[in-house]
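This is my_file_39.txt. It holds compact mmCIF, C-alpha atoms.
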# COMPACT_ATOMS: atom_id res chain seq x y z
CA MET D 1 94.03 104.64 79.38
CA THR D 2 94.25 105.63 83.00
CA GLY D 3 95.64 103.01 85.35
CA GLU D 4 93.08 102.40 88.08
CA ARG D 5 93.81 100.49 91.29
CA GLY D 6 90.75 101.72 93.21
CA ALA D 7 89.66 105.28 92.64
CA ARG D 8 91.53 108.04 94.49
CA ARG D 9 88.48 110.24 94.60
CA PRO D 10 85.32 108.30 93.69
CA GLY D 11 83.12 111.32 94.44
CA ARG D 12 82.32 113.56 97.33
CA VAL D 13 79.25 111.43 98.11
CA LEU D 14 81.40 108.38 98.83
CA THR D 15 83.73 110.48 100.98
CA ALA D 16 80.81 111.69 103.05
CA LEU D 17 79.47 108.13 103.29
CA LEU D 18 82.82 106.86 104.57
CA CYS D 19 82.89 109.55 107.22
CA ALA D 20 79.33 108.65 108.24
CA LEU D 21 80.20 104.96 108.49
CA THR D 22 83.24 105.76 110.58
CA ALA D 23 81.22 107.96 112.89
CA ALA D 24 78.75 105.10 113.34
CA GLY D 25 81.58 102.77 114.32
CA LEU D 26 81.25 100.67 111.17
CA TYR D 27 84.30 100.76 110.26
CA GLY D 28 100.57 130.17 90.89
CA CYS D 29 99.20 128.76 87.66
CA SER D 30 98.16 129.73 84.19
CA ASP D 31 95.05 128.56 82.42
CA SER D 32 95.41 124.89 81.55
CA GLY D 33 95.52 125.67 77.84
CA ARG D 34 96.66 122.69 75.80
CA PRO D 35 97.82 119.72 77.91
CA GLU D 36 101.51 118.78 77.95
CA PRO D 37 100.63 116.31 76.32
CA SER D 38 96.92 115.60 76.73
CA PRO D 39 95.90 112.30 78.37
CA THR D 40 92.23 111.36 78.26
CA PRO D 41 91.01 110.66 81.80
CA THR D 42 89.12 107.39 81.91
CA SER D 43 88.64 104.78 84.57
CA THR D 44 87.92 101.13 84.96
CA PRO D 45 85.76 99.57 87.66
CA ALA D 46 87.56 99.16 90.95
CA THR D 47 86.03 95.73 91.54
CA THR D 48 84.28 92.96 89.69
CA PRO D 49 81.94 90.33 91.19
CA ALA D 50 84.80 87.80 91.15
CA THR D 51 87.32 89.99 92.98
CA LYS D 52 87.77 90.90 96.62
CA PRO D 53 86.59 94.41 97.50
CA PRO D 54 89.46 96.80 98.11
CA SER D 55 90.55 97.82 101.57
CA LEU D 56 91.10 101.43 102.60
CA SER D 57 94.24 103.20 101.43
CA PRO D 58 96.59 104.22 104.26
CA PHE D 59 97.31 107.37 102.21
CA THR D 60 93.74 108.55 101.51
CA GLY D 61 91.31 106.61 103.70
CA LEU D 62 89.40 105.66 100.51
CA PRO D 63 88.94 102.21 98.95
CA ALA D 64 92.09 100.98 97.18
CA ARG D 65 93.81 97.68 96.60
CA PRO D 66 97.39 97.28 97.83
CA ALA D 67 99.70 98.63 95.13
CA PRO D 68 103.30 99.87 94.80
CA VAL D 69 104.24 103.38 95.82
CA LEU D 70 105.61 105.80 93.23
CA ALA D 71 106.97 109.18 94.32
CA VAL D 72 107.64 111.78 91.62
CA LYS D 73 109.63 114.99 92.11
CA LEU D 74 107.84 117.80 90.27
CA ASP D 75 108.97 121.19 89.06
CA ASN D 76 106.93 124.08 90.45
CA VAL D 77 108.20 127.40 89.11
CA PRO D 78 105.65 129.39 87.07
CA ALA D 79 107.14 128.13 83.78
CA ALA D 80 106.37 124.54 84.87
CA ARG D 81 102.67 125.17 85.41
CA PRO D 82 100.06 123.89 84.89
CA HIS D 83 101.06 120.42 86.03
CA THR D 84 99.82 117.16 84.57
CA GLY D 85 98.64 114.23 86.67
CA LEU D 86 98.82 116.02 90.01
CA GLY D 87 95.11 115.62 90.73
CA ALA D 88 95.53 111.82 90.82
CA ALA D 89 98.16 111.81 93.59
CA ASP D 90 97.28 110.35 96.97
CA LEU D 91 99.63 112.76 98.74
CA VAL D 92 101.40 115.95 97.69
CA TYR D 93 104.33 117.33 99.69
CA VAL D 94 105.55 120.92 99.26
CA GLU D 95 109.28 121.44 99.90
CA GLN D 96 111.47 124.55 99.86
CA VAL D 97 114.49 124.47 97.51
CA GLU D 98 117.18 126.93 96.41
CA GLY D 99 116.22 130.56 96.01
CA GLY D 100 113.24 130.22 98.33
CA VAL D 101 111.02 128.61 95.68
CA THR D 102 109.36 125.22 96.09
CA ARG D 103 109.09 121.83 94.46
CA LEU D 104 106.44 119.17 94.87
CA LEU D 105 106.76 115.51 95.73
CA ALA D 106 103.67 113.67 94.47
CA VAL D 107 103.00 110.19 95.88
CA TYR D 108 100.90 107.75 93.86
CA SER D 109 99.61 104.30 94.76
CA SER D 110 95.83 103.87 94.64
CA HIS D 111 95.49 105.58 91.25
CA LEU D 112 97.90 106.22 88.38
CA PRO D 113 97.44 108.96 85.78
CA ASP D 114 98.58 108.35 82.22
CA LEU D 115 101.19 111.06 82.58
CA THR D 116 102.65 113.30 85.28
CA GLY D 117 105.09 116.18 85.24
CA PRO D 118 107.10 118.21 84.66
CA VAL D 119 109.70 116.10 86.47
CA ARG D 120 112.70 117.73 88.16
CA SER D 121 115.66 116.82 90.34
CA ALA D 122 115.79 115.20 93.78
CA ARG D 123 117.06 116.76 97.02
CA GLU D 124 118.56 115.39 100.23
CA SER D 125 115.28 116.08 102.08
CA ASP D 126 113.53 113.50 99.88
CA ILE D 127 115.58 110.64 101.32
CA ALA D 128 114.41 111.11 104.91
CA LEU D 129 110.88 112.07 103.87
CA LEU D 130 110.40 108.85 101.88
CA ALA D 131 111.86 106.57 104.55
CA ASP D 132 108.32 106.31 106.01
CA PHE D 133 107.19 104.48 102.87
CA GLY D 134 109.50 101.44 103.08
CA ARG D 135 111.09 101.07 99.65
CA PRO D 136 109.11 103.23 97.20
CA ALA D 137 110.04 104.05 93.62
CA LEU D 138 111.35 107.59 93.13
CA ALA D 139 111.21 109.21 89.70
CA TYR D 140 113.31 112.34 89.20
CA SER D 141 115.29 114.10 86.50
CA GLY D 142 118.69 113.84 88.19
CA ALA D 143 120.65 115.07 91.20
CA GLN D 144 123.86 116.78 92.17
CA SER D 145 126.78 114.41 91.73
CA ALA D 146 127.63 114.54 95.45
CA LEU D 147 124.07 113.55 96.37
CA THR D 148 123.84 110.59 94.00
CA PRO D 149 125.68 108.13 96.31
CA LEU D 150 123.24 108.93 99.13
CA LEU D 151 120.26 108.33 96.84
CA ARG D 152 121.72 105.01 95.69
CA ALA D 153 122.34 103.91 99.27
CA ALA D 154 118.78 104.78 100.37
CA PRO D 155 115.90 102.26 100.29
CA LEU D 156 114.58 103.65 97.01
CA ASP D 157 113.98 102.20 93.53
CA LEU D 158 115.48 105.07 91.52
CA LEU D 159 114.03 105.99 88.13
CA THR D 160 115.64 108.54 85.80
CA GLU D 161 115.51 109.23 82.10
CA SER D 162 118.78 107.31 81.67
CA SER D 163 117.87 104.29 83.82
CA ALA D 164 114.27 103.89 82.58
CA PRO D 165 114.03 105.76 79.25
CA GLN D 166 110.79 104.02 78.29
CA ALA D 167 109.05 105.65 81.28
CA PHE D 168 109.92 109.26 80.33
CA GLN D 169 109.08 111.54 77.44
CA ARG D 170 109.84 115.11 76.42
CA SER D 171 107.19 117.64 75.41
CA ALA D 172 107.88 119.85 72.42
CA ARG D 173 105.47 122.45 73.82
CA ARG D 174 107.72 123.58 76.66
CA PRO D 175 111.38 124.54 76.86
CA ALA D 176 113.86 122.49 78.86
CA PRO D 177 114.15 121.86 81.74
CA HIS D 178 110.37 122.14 82.18
CA ASN D 179 109.48 119.56 79.51
CA LEU D 180 110.22 116.14 81.06
CA TYR D 181 107.19 113.94 81.80
CA LEU D 182 106.73 110.50 83.33
CA ARG D 183 104.46 107.61 82.40
CA PRO D 184 103.73 106.17 85.87
CA GLY D 185 102.60 102.75 84.67
CA ARG D 186 105.82 102.23 82.76
CA ALA D 187 107.80 103.63 85.67
CA LEU D 188 106.45 101.04 88.10
CA ALA D 189 107.06 98.29 85.54
CA ALA D 190 110.73 99.32 85.69
CA ALA D 191 110.70 99.21 89.52
CA PRO D 192 109.44 95.71 90.44
CA GLY D 193 110.93 95.97 93.92
CA ALA D 194 108.82 98.95 95.00
CA ASP D 195 106.85 98.31 98.21
CA ASP D 196 103.08 98.51 98.41
CA ALA D 197 101.43 101.35 100.30
CA ARG D 198 101.66 100.91 104.06
CA ASP D 199 100.74 102.77 107.24
CA ILE D 200 102.76 106.00 107.49
CA GLY D 201 100.93 107.35 110.54
CA LEU D 202 97.99 109.15 108.93
CA ARG D 203 94.48 108.61 110.27
CA PHE D 204 91.19 109.42 108.54
CA GLY D 205 87.67 109.91 109.79
CA PRO D 206 85.07 112.44 110.88
CA ALA D 207 86.25 115.92 111.77
CA PRO D 208 87.29 116.41 115.39
CA PRO D 209 85.29 118.84 117.52
CA GLY D 210 86.36 122.44 117.72
CA GLY D 211 88.58 124.19 115.25
CA THR D 212 88.09 127.63 113.76
CA ALA D 213 86.04 128.41 110.67
CA VAL D 214 88.46 129.46 107.94
CA ALA D 215 87.65 130.57 104.40
CA ARG D 216 91.25 131.04 103.29
CA SER D 217 94.73 130.20 104.57
CA THR D 218 98.06 131.32 103.09
CA VAL D 219 101.54 129.81 103.51
CA ARG D 220 104.54 131.90 102.51
CA TYR D 221 108.04 130.84 101.54
CA PRO D 222 110.87 133.29 100.77
CA ALA D 223 109.95 133.31 97.06
CA ALA D 224 106.65 131.38 96.84
CA ARG D 225 103.11 131.64 98.18
CA TYR D 226 100.32 129.09 98.53
CA THR D 227 96.72 130.01 99.29
CA PHE D 228 94.08 127.41 100.14
CA THR D 229 90.47 128.58 99.80
CA TRP D 230 87.60 126.49 101.09
CA SER D 231 85.06 125.52 98.41
CA ALA D 232 81.78 124.26 99.84
CA ALA D 233 80.73 123.14 96.36
CA ASP D 234 83.79 120.90 96.04
CA HIS D 235 83.91 120.11 99.75
CA ALA D 236 87.65 120.66 99.33
CA TRP D 237 90.31 123.36 99.26
CA ARG D 238 91.07 125.22 96.04
CA VAL D 239 94.80 125.74 95.62
CA ALA D 240 96.44 128.94 94.35
CA MET D 241 100.15 129.29 93.75
CA ASP D 242 101.68 132.76 93.76
CA GLY D 243 98.22 134.27 93.50
CA ARG D 244 96.95 132.21 90.54
CA GLU D 245 94.59 129.24 90.58
CA ALA D 246 96.46 125.92 90.38
CA ARG D 247 95.18 123.46 87.79
CA ALA D 248 96.15 120.14 86.29
CA THR D 249 95.97 119.84 82.52
CA ASP D 250 94.04 116.57 82.73
CA THR D 251 91.69 117.07 85.70
CA GLY D 252 91.27 120.82 86.19
CA PRO D 253 91.49 122.73 89.50
CA LEU D 254 93.53 121.15 92.28
CA THR D 255 91.20 120.42 95.21
CA PRO D 256 92.67 118.46 98.14
CA GLU D 257 90.27 117.47 100.88
CA THR D 258 92.88 118.10 103.59
CA VAL D 259 95.81 120.50 103.83
CA VAL D 260 98.37 120.01 106.61
CA VAL D 261 100.70 122.93 107.22
CA GLN D 262 103.56 121.16 108.98
CA ARG D 263 106.01 123.57 110.59
CA VAL D 264 109.55 122.22 110.25
CA THR D 265 113.11 123.44 110.65
CA VAL D 266 114.51 124.44 107.25
CA ARG D 267 118.30 124.64 107.48
CA PRO D 268 121.17 124.74 104.97
CA SER D 269 122.33 121.33 103.74
CA ARG D 270 125.88 120.44 102.67
CA PHE D 271 124.81 120.44 99.02
CA HIS D 272 124.46 123.28 96.55
CA ASP D 273 123.25 123.75 92.99
CA LYS D 274 125.42 124.48 89.94
CA PHE D 275 125.17 128.21 90.64
CA GLY D 276 126.51 127.79 94.17
CA SER D 277 123.20 128.28 95.98
CA VAL D 278 123.01 126.09 99.08
CA SER D 279 120.15 123.57 99.06
CA PRO D 280 117.77 123.86 102.02
CA TYR D 281 117.09 120.76 104.11
CA SER D 282 113.62 120.30 105.65
CA GLU D 283 113.80 118.32 108.89
CA THR D 284 110.85 115.92 108.98
CA VAL D 285 112.08 113.77 111.88
CA GLY D 286 111.31 115.18 115.30
CA THR D 287 108.31 117.07 116.67
CA GLY D 288 106.58 120.36 116.03
CA THR D 289 103.33 122.18 115.44
CA ALA D 290 100.95 121.97 112.52
CA LEU D 291 97.69 123.38 111.23
CA VAL D 292 95.20 120.91 109.77
CA LEU D 293 92.68 122.38 107.33
CA ARG D 294 89.62 120.25 106.63
CA ASP D 295 85.90 120.79 106.14
CA GLY D 296 86.30 124.57 106.11
CA ARG D 297 87.90 124.66 109.56
CA ALA D 298 91.44 124.98 110.91
CA HIS D 299 92.63 122.73 113.73
CA GLU D 300 95.77 123.39 115.74
CA ALA D 301 97.86 120.22 115.87
CA ARG D 302 101.18 118.71 116.79
CA TRP D 303 103.25 116.35 114.68
CA SER D 304 105.65 113.66 115.83
CA ARG D 305 108.07 111.41 113.99
CA PRO D 306 110.58 109.85 116.39
CA SER D 307 112.65 108.14 113.68
CA PRO D 308 112.83 108.07 109.86
CA THR D 309 110.86 104.81 109.72
CA SER D 310 108.33 105.43 112.51
CA GLY D 311 105.67 107.29 110.53
CA THR D 312 104.38 110.80 111.20
CA THR D 313 101.40 111.27 113.50
CA PHE D 314 99.21 114.36 113.83
CA THR D 315 97.42 114.93 117.11
CA THR D 316 95.36 117.56 118.85
CA PRO D 317 97.20 119.73 121.41
CA ASP D 318 95.96 117.36 124.17
CA GLY D 319 97.40 114.31 122.38
CA ALA D 320 94.31 112.76 120.73
CA PRO D 321 94.69 111.52 117.14
CA LEU D 322 93.60 114.19 114.66
CA PRO D 323 91.89 112.49 111.71
CA LEU D 324 92.21 113.85 108.19
CA ALA D 325 89.33 114.00 105.73
CA PRO D 326 89.30 111.00 103.36
CA GLY D 327 90.75 111.97 99.99
CA GLN D 328 93.85 113.74 98.74
CA THR D 329 96.07 115.43 101.34
CA TRP D 330 98.65 118.15 100.76
CA ILE D 331 101.41 118.34 103.37
CA VAL D 332 103.07 121.73 103.21
CA LEU D 333 106.51 121.61 104.86
CA ALA D 334 106.59 125.23 105.94
CA PRO D 335 109.46 126.96 107.77
CA ARG D 336 108.91 127.33 111.48
CA ALA D 337 107.67 130.79 112.37
Rendering of file as structure tokens:
Amino acid sequence: MTGERGARRPGRVLTALLCALTAAGLYGCSDSGRPEPSPTPTSTPATTPATKPPSLSPFTGLPARPAPVLAVKLDNVPAARPHTGLGAADLVYVEQVEGGVTRLLAVYSSHLPDLTGPVRSARESDIALLADFGRPALAYSGAQSALTPLLRAAPLDLLTESSAPQAFQRSARRPAPHNLYLRPGRALAAAPGADDARDIGLRFGPAPPGGTAVARSTVRYPAARYTFTWSAADHAWRVAMDGREARATDTGPLTPETVVVQRVTVRPSRFHDKFGSVSPYSETVGTGTALVLRDGRAHEARWSRPSPTSGTTFTTPDGAPLPLAPGQTWIVLAPRA
């Protein structure tokens, strides 16, 4: 059964209603084929008459009760697609790794899928990126031996197949290393010290004035390509990876309400993989430009994160807060032009 802490995406109608209330001041992928394995998406009511209504998630702007944060490092080469459980994430970060390809960092709190994956290894960039979240749990398949001491010293509850074997499983339908999956509920049970979701700088609300109508936007890495196409029917962006529609085996097409293309410095780190390729490091502390895609429009923005624990804010060029659309957000850490 799906673990529900307050629905991530309780329907486009509710999203529109939230925006209306706020405005009033009241407030590359193959066909999914056979799942790897196949969870049955179900949900339980977010509230009962005897419970307190949930507050708004600082990650989505939608109703959610306070709950621990689980970050999962996901494989993203063509052989790892389609993903499982990605549609349930509150936030999805895209990061460049060796060879110019990318990996995903999915952040869960308000809603847990039965299963997510395939899970892959952590990188140095993850440590600074997750410092915004206090002490989250991080599930990953492993790391370079030289990086492990830094991971252990970071404010992270680390979860691997060896430290929490009950939270992981292997799929017989895919070859290694693309066959490791995580059970998020069991993962958080093995990480009792994980902090609840907290403010990381994001703001949600009605669309700001201005912007440019955009039907499609593409972000290119040295060996990967993401295209976000506006879908009026979904009131969200359809994701394509390397020219093919991106889907999750349990929920279908990936459709974030907001996409933030955050331009960052991508430089060589002091770590390398087993083949000798140097691992890129994405600098997420500092300032820079961004492009915020929401409601079929593109808004020029600036981002600022003065320190690893200060949160990241997105503003208009004149300094006003730039609200995101309530719902799932993808933050694409793209190399500076």
Fewer than 2 positions away in the same chain doesn't count, so skip those; otherwise give me all residues within 7 Å of Ala298 of chain D, counting only C-alpha atoms, as a list in words.
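Once the adjacent positions are removed, what remains is Gly211, Thr212, Ala213, Val214, Leu291, Val292, Leu293, Arg294 and Glu300 of chain D.
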Taking 5 positions as the minimum chain separation for residues in the same chain, which residues sit within 10 Å of Leu151 of chain D when counting only C-alpha atoms? Answer as an mmCIF file with C-alpha atoms, keeping the file's coordinate frame.
data_model
loop_
_atom_site.group_PDB
_atom_site.id
_atom_site.type_symbol
_atom_site.label_atom_id
_atom_site.label_comp_id
_atom_site.auth_asym_id
_atom_site.auth_seq_id
_atom_site.Cartn_x
_atom_site.Cartn_y
_atom_site.Cartn_z
ATOM 1 C CA ALA D 122 115.790 115.200 93.780
ATOM 2 C CA ARG D 123 117.060 116.760 97.020
ATOM 3 C CA GLU D 124 118.560 115.390 100.230
ATOM 4 C CA ASP D 126 113.530 113.500 99.880
ATOM 5 C CA ILE D 127 115.580 110.640 101.320
ATOM 6 C CA LEU D 138 111.350 107.590 93.130
ATOM 7 C CA ALA D 143 120.650 115.070 91.200
ATOM 8 C CA ALA D 146 127.630 114.540 95.450
ATOM 9 C CA LEU D 156 114.580 103.650 97.010
ATOM 10 C CA ASP D 157 113.980 102.200 93.530
ATOM 11 C CA LEU D 158 115.480 105.070 91.520
#
Please provide as a PyMOL selection string all residues within 10 Å of Pro209 of chain D, with the sequence filter that same-chain residues fewer than 3 positions apart are discarded (counting all atoms listed in the file).
chain D and resi 206+212+299+322
List the spatial neighbours of segment 238-244 of chain D as a PyMOL selection string - criterion: any atom at most 8 Å away, only C-alpha atoms, same-chain residues fewer than 6 positions off excluded.
chain D and resi 28-30+224-231+253-256
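Distance-wise, atom CA of Leu86 of chain D and atom CA of His235 of chain D end up 18.3 Å apart.
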Atom pair atom CA of Arg186 of chain D / atom CA of Ala80 of chain D: separation (Å)
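For atom CA of Arg186 of chain D relative to atom CA of Ala80 of chain D, the distance reads 22.4 Å.
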Could you give me the axis-aligned bounding box of segment 183-194 of chain D, with 4 Å of padding per side, as centre plus edge lengths in Å to one decimal, as lines of an AutoDock Vina configuration file?
center_x = 106.8
center_y = 101.7
center_z = 88.7
size_x = 16.3
size_y = 19.9
size_z = 20.6
Would you please work out which residue, of D:Glu283, D:Ala88, D:Val264, D:Asn76, is nearest to Arg302 of chain D when using only C-alpha atoms?
D:Val264
Counting all atoms listed in the file, figure out which residue out of D:Leu159, D:Ala131, D:Leu104, D:Ala176 gets nearest to Ser307 of chain D.
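Answer, going by the shortest atom-to-atom distance: D:Ala131.
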As a PDB file with C-alpha atoms, keeping the file's coordinate frame, please: the residues near Arg174 of chain D (cut-off 10 Å, all atoms listed in the file, same-chain neighbours under 4 positions excluded).
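File produced: around_2.pdb:
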ATOM      1  CA  GLU D  36     101.510 118.780  77.950  1.00  0.00           C
ATOM      2  CA  ALA D  79     107.140 128.130  83.780  1.00  0.00           C
ATOM      3  CA  ALA D  80     106.370 124.540  84.870  1.00  0.00           C
ATOM      4  CA  PRO D 118     107.100 118.210  84.660  1.00  0.00           C
ATOM      5  CA  ARG D 170     109.840 115.110  76.420  1.00  0.00           C
ATOM      6  CA  HIS D 178     110.370 122.140  82.180  1.00  0.00           C
ATOM      7  CA  ASN D 179     109.480 119.560  79.510  1.00  0.00           C
ATOM      8  CA  LEU D 180     110.220 116.140  81.060  1.00  0.00           C
TER       9      LEU D 180
END
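Taking atom CA of Ala248 of chain D as the reference point, atom CA of Pro58 of chain D is found at 24.0 Å.
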Let me make sure I understand: among D:Gln262, D:Thr309, D:Ser109, D:Gln328, which one has the smallest atom-to-atom distance to Gly134 of chain D if we use all atoms listed in the file?
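Ranking D:Gln262, D:Thr309, D:Ser109, D:Gln328 by distance to Gly134 of chain D, first place goes to D:Thr309.
Across D:Thr160, D:Thr265, D:Thr315, D:Gln169, the tightest approach to Glu95 of chain D is made by D:Thr265 when counting all atoms listed in the file.
The shortest atom-to-atom distance to Thr60 of chain D, with all atoms listed in the file taken into account, belongs to D:Gly205 out of D:Gly205, D:Pro317, D:Gly288, D:Pro308.
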Nearest residue to Pro177 of chain D from the set D:Pro54, D:Gly142, D:Pro68, D:Gly85 (distances using all atoms listed in the file):
D:Gly142
Got a minute to add all heavy atoms to segment 214-223 of chain D and dump it as a short mmCIF file (atom, residue, chain, number, x, y, z; two decimals), in the coordinates of the input?
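selection-v3.cif, written as the output of this step:
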data_model
loop_
_atom_site.label_atom_id
_atom_site.label_comp_id
_atom_site.auth_asym_id
_atom_site.auth_seq_id
_atom_site.Cartn_x
_atom_site.Cartn_y
_atom_site.Cartn_z
N VAL D 214 87.46 128.77 108.75
CA VAL D 214 88.46 129.46 107.94
C VAL D 214 88.04 129.40 106.47
O VAL D 214 87.78 128.31 105.94
CB VAL D 214 89.86 128.82 108.10
CG1 VAL D 214 90.83 129.40 107.09
CG2 VAL D 214 90.38 129.03 109.51
N ALA D 215 87.96 130.54 105.83
CA ALA D 215 87.65 130.57 104.40
C ALA D 215 88.91 130.49 103.55
O ALA D 215 88.87 129.99 102.42
CB ALA D 215 86.88 131.84 104.06
N ARG D 216 90.02 130.98 104.09
CA ARG D 216 91.25 131.04 103.29
C ARG D 216 92.45 130.99 104.23
O ARG D 216 92.44 131.57 105.32
CB ARG D 216 91.28 132.31 102.47
CG ARG D 216 92.51 132.48 101.59
CD ARG D 216 92.44 133.77 100.76
NE ARG D 216 91.39 133.70 99.75
CZ ARG D 216 90.22 134.30 99.81
NH1 ARG D 216 89.95 135.08 100.86
NH2 ARG D 216 89.33 134.19 98.86
N SER D 217 93.49 130.27 103.80
CA SER D 217 94.73 130.20 104.57
C SER D 217 95.91 130.29 103.61
O SER D 217 95.91 129.63 102.57
CB SER D 217 94.79 128.89 105.37
OG SER D 217 95.96 128.83 106.16
N THR D 218 96.91 131.10 103.96
CA THR D 218 98.06 131.32 103.09
C THR D 218 99.34 130.89 103.79
O THR D 218 99.53 131.15 104.97
CB THR D 218 98.16 132.80 102.68
OG1 THR D 218 96.99 133.16 101.92
CG2 THR D 218 99.39 133.07 101.84
N VAL D 219 100.22 130.22 103.03
CA VAL D 219 101.54 129.81 103.51
C VAL D 219 102.57 130.49 102.63
O VAL D 219 102.50 130.40 101.40
CB VAL D 219 101.72 128.29 103.45
CG1 VAL D 219 103.11 127.89 103.96
CG2 VAL D 219 100.63 127.59 104.27
N ARG D 220 103.53 131.15 103.26
CA ARG D 220 104.54 131.90 102.51
C ARG D 220 105.93 131.29 102.69
O ARG D 220 106.32 130.91 103.79
CB ARG D 220 104.57 133.37 102.96
CG ARG D 220 103.35 134.16 102.52
CD ARG D 220 103.40 135.59 103.02
NE ARG D 220 102.34 136.40 102.41
CZ ARG D 220 101.09 136.44 102.86
NH1 ARG D 220 100.75 135.71 103.92
NH2 ARG D 220 100.18 137.19 102.25
N TYR D 221 106.63 131.19 101.57
CA TYR D 221 108.04 130.84 101.54
C TYR D 221 108.80 132.10 101.10
O TYR D 221 108.18 133.09 100.70
CB TYR D 221 108.28 129.71 100.54
CG TYR D 221 107.70 128.38 100.98
CD1 TYR D 221 106.37 128.05 100.69
CD2 TYR D 221 108.47 127.45 101.67
CE1 TYR D 221 105.84 126.84 101.09
CE2 TYR D 221 107.95 126.23 102.07
CZ TYR D 221 106.64 125.93 101.78
OH TYR D 221 106.11 124.73 102.18
N PRO D 222 110.13 132.09 101.17
CA PRO D 222 110.87 133.29 100.77
C PRO D 222 110.52 133.79 99.37
O PRO D 222 110.50 135.01 99.13
CB PRO D 222 112.33 132.85 100.87
CG PRO D 222 112.33 131.83 101.96
CD PRO D 222 111.04 131.08 101.77
N ALA D 223 110.25 132.88 98.43
CA ALA D 223 109.95 133.31 97.06
C ALA D 223 108.77 132.54 96.47
O ALA D 223 108.70 132.33 95.26
CB ALA D 223 111.19 133.14 96.18
#
